[in-house]
file my_file19.pdb (PDB, C-alpha atoms)
ATOM      1  CA  MET A   1     134.166 156.528  12.771  1.00  0.00           C
ATOM      2  CA  THR A   2     137.150 155.470  10.749  1.00  0.00           C
ATOM      3  CA  SER A   3     138.766 152.123  11.383  1.00  0.00           C
ATOM      4  CA  ARG A   4     141.904 153.908  12.600  1.00  0.00           C
ATOM      5  CA  LYS A   5     139.948 155.900  15.203  1.00  0.00           C
ATOM      6  CA  ARG A   6     138.029 152.796  16.215  1.00  0.00           C
ATOM      7  CA  GLY A   7     141.314 150.960  16.687  1.00  0.00           C
ATOM      8  CA  LEU A   8     142.687 153.814  18.797  1.00  0.00           C
ATOM      9  CA  VAL A   9     139.568 153.802  20.976  1.00  0.00           C
ATOM     10  CA  GLN A  10     139.842 150.033  21.432  1.00  0.00           C
ATOM     11  CA  THR A  11     143.526 150.324  22.328  1.00  0.00           C
ATOM     12  CA  ARG A  12     142.821 153.048  24.904  1.00  0.00           C
ATOM     13  CA  SER A  13     140.009 150.965  26.347  1.00  0.00           C
ATOM     14  CA  LEU A  14     142.294 147.945  26.648  1.00  0.00           C
ATOM     15  CA  ILE A  15     144.971 150.048  28.355  1.00  0.00           C
ATOM     16  CA  ALA A  16     142.411 151.518  30.765  1.00  0.00           C
ATOM     17  CA  MET A  17     141.072 148.050  31.636  1.00  0.00           C
ATOM     18  CA  THR A  18     144.615 146.745  32.144  1.00  0.00           C
ATOM     19  CA  ILE A  19     145.519 149.621  34.462  1.00  0.00           C
ATOM     20  CA  ARG A  20     142.290 149.138  36.436  1.00  0.00           C
ATOM     21  CA  PHE A  21     143.065 145.413  36.710  1.00  0.00           C
ATOM     22  CA  ILE A  22     146.583 146.135  37.995  1.00  0.00           C
ATOM     23  CA  PHE A  23     145.247 148.629  40.549  1.00  0.00           C
ATOM     24  CA  GLY A  24     142.555 146.252  41.793  1.00  0.00           C
ATOM     25  CA  LEU A  25     144.931 143.285  41.873  1.00  0.00           C
ATOM     26  CA  ALA A  26     147.514 145.318  43.811  1.00  0.00           C
ATOM     27  CA  PHE A  27     144.926 146.035  46.512  1.00  0.00           C
ATOM     28  CA  MET A  28     143.839 142.407  46.627  1.00  0.00           C
ATOM     29  CA  LEU A  29     147.438 141.214  47.018  1.00  0.00           C
ATOM     30  CA  ALA A  30     148.199 143.870  49.633  1.00  0.00           C
ATOM     31  CA  GLY A  31     145.060 142.875  51.514  1.00  0.00           C
ATOM     32  CA  LEU A  32     145.991 139.204  51.433  1.00  0.00           C
ATOM     33  CA  ASN A  33     149.410 140.134  52.789  1.00  0.00           C
ATOM     34  CA  HIS A  34     147.665 141.412  55.931  1.00  0.00           C
ATOM     35  CA  PHE A  35     146.856 137.759  56.689  1.00  0.00           C
ATOM     36  CA  VAL A  36     150.230 136.367  55.602  1.00  0.00           C
ATOM     37  CA  ASN A  37     152.325 138.925  57.491  1.00  0.00           C
ATOM     38  CA  PRO A  38     150.071 140.477  60.165  1.00  0.00           C
ATOM     39  CA  ASP A  39     152.951 141.300  62.531  1.00  0.00           C
ATOM     40  CA  PHE A  40     154.355 143.823  60.048  1.00  0.00           C
ATOM     41  CA  TYR A  41     151.017 145.607  59.821  1.00  0.00           C
ATOM     42  CA  VAL A  42     150.513 145.562  63.582  1.00  0.00           C
ATOM     43  CA  ARG A  43     153.843 147.415  63.933  1.00  0.00           C
ATOM     44  CA  ILE A  44     152.562 150.071  61.530  1.00  0.00           C
ATOM     45  CA  MET A  45     149.497 150.773  63.659  1.00  0.00           C
ATOM     46  CA  PRO A  46     149.800 153.928  65.752  1.00  0.00           C
ATOM     47  CA  PRO A  47     149.707 152.933  69.433  1.00  0.00           C
ATOM     48  CA  TYR A  48     146.676 155.119  70.154  1.00  0.00           C
ATOM     49  CA  LEU A  49     144.457 152.847  68.022  1.00  0.00           C
ATOM     50  CA  PRO A  50     142.738 150.004  69.886  1.00  0.00           C
ATOM     51  CA  TRP A  51     142.762 146.370  68.763  1.00  0.00           C
ATOM     52  CA  PRO A  52     145.616 146.626  66.262  1.00  0.00           C
ATOM     53  CA  LEU A  53     145.426 143.015  65.059  1.00  0.00           C
ATOM     54  CA  ALA A  54     141.679 143.270  64.461  1.00  0.00           C
ATOM     55  CA  LEU A  55     142.206 146.514  62.533  1.00  0.00           C
ATOM     56  CA  VAL A  56     144.888 144.821  60.422  1.00  0.00           C
ATOM     57  CA  TYR A  57     142.458 142.060  59.511  1.00  0.00           C
ATOM     58  CA  VAL A  58     139.579 144.471  58.843  1.00  0.00           C
ATOM     59  CA  SER A  59     141.758 146.619  56.588  1.00  0.00           C
ATOM     60  CA  GLY A  60     142.995 143.485  54.814  1.00  0.00           C
ATOM     61  CA  ILE A  61     139.430 142.357  54.164  1.00  0.00           C
ATOM     62  CA  ALA A  62     138.565 145.854  52.936  1.00  0.00           C
ATOM     63  CA  GLU A  63     141.523 145.921  50.550  1.00  0.00           C
ATOM     64  CA  VAL A  64     140.725 142.503  49.103  1.00  0.00           C
ATOM     65  CA  GLY A  65     137.018 143.241  48.776  1.00  0.00           C
ATOM     66  CA  LEU A  66     137.347 146.725  47.350  1.00  0.00           C
ATOM     67  CA  GLY A  67     140.121 145.657  44.981  1.00  0.00           C
ATOM     68  CA  ALA A  68     137.907 142.867  43.664  1.00  0.00           C
ATOM     69  CA  MET A  69     134.869 145.137  43.418  1.00  0.00           C
ATOM     70  CA  LEU A  70     136.900 147.618  41.381  1.00  0.00           C
ATOM     71  CA  LEU A  71     137.179 144.967  38.673  1.00  0.00           C
ATOM     72  CA  VAL A  72     133.401 144.581  38.363  1.00  0.00           C
ATOM     73  CA  PRO A  73     132.041 147.453  36.242  1.00  0.00           C
ATOM     74  CA  ARG A  74     128.744 147.557  38.144  1.00  0.00           C
ATOM     75  CA  TRP A  75     130.561 148.042  41.470  1.00  0.00           C
ATOM     76  CA  SER A  76     133.724 149.849  40.418  1.00  0.00           C
ATOM     77  CA  ARG A  77     132.535 153.347  41.290  1.00  0.00           C
ATOM     78  CA  VAL A  78     131.435 152.316  44.783  1.00  0.00           C
ATOM     79  CA  ALA A  79     134.704 150.422  45.216  1.00  0.00           C
ATOM     80  CA  ALA A  80     136.706 153.453  44.132  1.00  0.00           C
ATOM     81  CA  TRP A  81     135.014 155.640  46.752  1.00  0.00           C
ATOM     82  CA  GLY A  82     135.687 152.895  49.301  1.00  0.00           C
ATOM     83  CA  LEU A  83     139.357 152.821  48.337  1.00  0.00           C
ATOM     84  CA  VAL A  84     139.587 156.600  48.660  1.00  0.00           C
ATOM     85  CA  ALA A  85     138.087 156.354  52.157  1.00  0.00           C
ATOM     86  CA  LEU A  86     140.350 153.432  53.086  1.00  0.00           C
ATOM     87  CA  LEU A  87     143.478 155.207  51.866  1.00  0.00           C
ATOM     88  CA  VAL A  88     142.552 158.297  53.861  1.00  0.00           C
ATOM     89  CA  ALA A  89     141.820 156.148  56.926  1.00  0.00           C
ATOM     90  CA  ILE A  90     145.188 154.376  56.817  1.00  0.00           C
ATOM     91  CA  PHE A  91     147.180 157.553  56.191  1.00  0.00           C
ATOM     92  CA  PRO A  92     147.881 158.040  59.934  1.00  0.00           C
ATOM     93  CA  ALA A  93     149.739 154.713  59.898  1.00  0.00           C
ATOM     94  CA  ASN A  94     152.040 156.066  57.181  1.00  0.00           C
ATOM     95  CA  VAL A  95     152.602 159.250  59.194  1.00  0.00           C
ATOM     96  CA  TYR A  96     153.359 157.123  62.269  1.00  0.00           C
ATOM     97  CA  MET A  97     155.936 155.130  60.289  1.00  0.00           C
ATOM     98  CA  ALA A  98     157.637 158.286  59.038  1.00  0.00           C
ATOM     99  CA  MET A  99     157.746 159.835  62.498  1.00  0.00           C
ATOM    100  CA  HIS A 100     159.074 156.680  64.189  1.00  0.00           C
ATOM    101  CA  PRO A 101     161.757 155.214  61.914  1.00  0.00           C
ATOM    102  CA  GLU A 102     163.348 153.454  64.910  1.00  0.00           C
ATOM    103  CA  VAL A 103     160.398 151.043  64.907  1.00  0.00           C
ATOM    104  CA  PHE A 104     161.241 150.137  61.294  1.00  0.00           C
ATOM    105  CA  PRO A 105     165.044 149.727  61.213  1.00  0.00           C
ATOM    106  CA  ASP A 106     164.838 147.540  58.104  1.00  0.00           C
ATOM    107  CA  VAL A 107     163.315 150.397  56.046  1.00  0.00           C
ATOM    108  CA  ALA A 108     165.285 153.478  55.010  1.00  0.00           C
ATOM    109  CA  PRO A 109     163.794 156.641  56.600  1.00  0.00           C
ATOM    110  CA  SER A 110     163.624 158.279  53.176  1.00  0.00           C
ATOM    111  CA  LEU A 111     161.323 155.479  52.009  1.00  0.00           C
ATOM    112  CA  LEU A 112     159.105 156.018  55.040  1.00  0.00           C
ATOM    113  CA  TYR A 113     158.663 159.652  54.014  1.00  0.00           C
ATOM    114  CA  LEU A 114     158.199 158.686  50.369  1.00  0.00           C
ATOM    115  CA  ARG A 115     155.113 156.692  51.397  1.00  0.00           C
ATOM    116  CA  LEU A 116     153.327 159.938  52.303  1.00  0.00           C
ATOM    117  CA  PRO A 117     153.112 161.480  48.802  1.00  0.00           C
ATOM    118  CA  LEU A 118     152.693 157.993  47.340  1.00  0.00           C
ATOM    119  CA  GLN A 119     149.542 157.670  49.437  1.00  0.00           C
ATOM    120  CA  GLY A 120     148.283 160.889  47.859  1.00  0.00           C
ATOM    121  CA  LEU A 121     148.923 159.494  44.384  1.00  0.00           C
ATOM    122  CA  LEU A 122     147.051 156.305  45.262  1.00  0.00           C
ATOM    123  CA  ILE A 123     144.119 158.390  46.512  1.00  0.00           C
ATOM    124  CA  LEU A 124     144.082 160.329  43.224  1.00  0.00           C
ATOM    125  CA  TRP A 125     144.300 157.081  41.258  1.00  0.00           C
ATOM    126  CA  ALA A 126     141.339 155.617  43.163  1.00  0.00           C
ATOM    127  CA  TRP A 127     139.428 158.895  42.794  1.00  0.00           C
ATOM    128  CA  TRP A 128     139.911 158.672  39.030  1.00  0.00           C
ATOM    129  CA  TYR A 129     137.646 155.605  39.009  1.00  0.00           C
ATOM    130  CA  THR A 130     134.880 157.450  40.864  1.00  0.00           C
ATOM    131  CA  ARG A 131     134.303 159.628  37.799  1.00  0.00           C
ATOM    132  CA  GLU A 132     133.131 156.914  35.435  1.00  0.00           C
TER     133      GLU A 132
END
call {"tool": "encode", "arguments": {"input": "my_file19.pdb", "output": "structure tokens"}}
result
Amino acid sequence: MTSRKRGLVQTRSLIAMTIRFIFGLAFMLAGLNHFVNPDFYVRIMPPYLPWPLALVYVSGIAEVGLGAMLLVPRWSRVAAWGLVALLVAIFPANVYMAMHPEVFPDVAPSLLYLRLPLQGLLILWAWWYTRE
């Protein structure tokens, strides 16, 4: 392999590690926010779900744990599948937000709907790490 190709491979590897770090860190910070601002997350919970505060804390723990696991090569694939499952599991909360904008007067309704396809992109991003 030429030194130019080797350098390109190293650069791509560094970019991939940086993007993985950002993704994992974003989940860890979002998970920690469940404990800093639990009232916001309780409002997001559809009313048909029992124990909303407990679910907020459980999802926060899951986000922190899975985000951290994503950064450990040995556990990253398992973590990625966990993140896919978590993102699918919390999707009903995003649908609830979009369908009940009156509960979230401080958020523009268009942003509530934008969360829906964004969730799909996050699922695809997490799925990407299941392939390694």
call {"tool": "atom_distance", "arguments": {"input": "my_file19.pdb", "atom1": "CA of Tyr96 in chain A", "atom2": "CA of Asn37 in chain A"}}
result
18.8 Å
call {"tool": "atom_distance", "arguments": {"input": "my_file19.pdb", "atom1": "CA of Trp127 in chain A", "atom2": "CA of Leu14 in chain A"}}
result
19.7 Å
call {"tool": "resolve_selection", "arguments": {"input": "my_file19.pdb", "expression": "the PyMOL selection byres ((chain A and resi 19-25) around 7)", "output": "ChimeraX atom specification"}}
result
/A:15-18,26-29,67-68,70-71
call {"tool": "closest_residue", "arguments": {"input": "my_file19.pdb", "among": "A:Tyr48, A:Tyr113, A:Tyr57, A:Trp128", "to": "Pro101 in chain A", "atoms": "all atoms listed in the file"}}
result
A:Tyr113
call {"tool": "closest_residue", "arguments": {"input": "my_file19.pdb", "among": "A:Ala98, A:Val58, A:Leu66, A:Met45", "to": "Leu83 in chain A", "atoms": "all atoms listed in the file"}}
result
A:Leu66
call {"tool": "closest_residue", "arguments": {"input": "my_file19.pdb", "among": "A:His34, A:Arg12, A:Arg43, A:Arg74", "to": "Glu102 in chain A", "atoms": "only C-alpha atoms"}}
result
A:Arg43
call {"tool": "residues_around", "arguments": {"input": "my_file19.pdb", "residues": "Arg115 in chain A", "least_positions_apart": "3", "cutoff": "10 Å", "atoms": "all atoms listed in the file", "output": "ChimeraX atom specification"}}
result
/A:91,94-95,97-98,110-112,118-121
call {"tool": "write_last_selection", "arguments": {"input": "my_file19.pdb", "atoms": "C-alpha atoms", "output": "PDB file, in the frame of the given file"}}
result
ATOM      1  CA  PHE A  91     147.180 157.553  56.191  1.00  0.00           C
ATOM      2  CA  ASN A  94     152.040 156.066  57.181  1.00  0.00           C
ATOM      3  CA  VAL A  95     152.602 159.250  59.194  1.00  0.00           C
ATOM      4  CA  MET A  97     155.936 155.130  60.289  1.00  0.00           C
ATOM      5  CA  ALA A  98     157.637 158.286  59.038  1.00  0.00           C
ATOM      6  CA  SER A 110     163.624 158.279  53.176  1.00  0.00           C
ATOM      7  CA  LEU A 111     161.323 155.479  52.009  1.00  0.00           C
ATOM      8  CA  LEU A 112     159.105 156.018  55.040  1.00  0.00           C
ATOM      9  CA  LEU A 118     152.693 157.993  47.340  1.00  0.00           C
ATOM     10  CA  GLN A 119     149.542 157.670  49.437  1.00  0.00           C
ATOM     11  CA  GLY A 120     148.283 160.889  47.859  1.00  0.00           C
ATOM     12  CA  LEU A 121     148.923 159.494  44.384  1.00  0.00           C
TER      13      LEU A 121
END
call {"tool": "atom_distance", "arguments": {"input": "my_file19.pdb", "atom1": "CA of Thr130 in chain A", "atom2": "CA of Gly65 in chain A"}}
result
16.4 Å
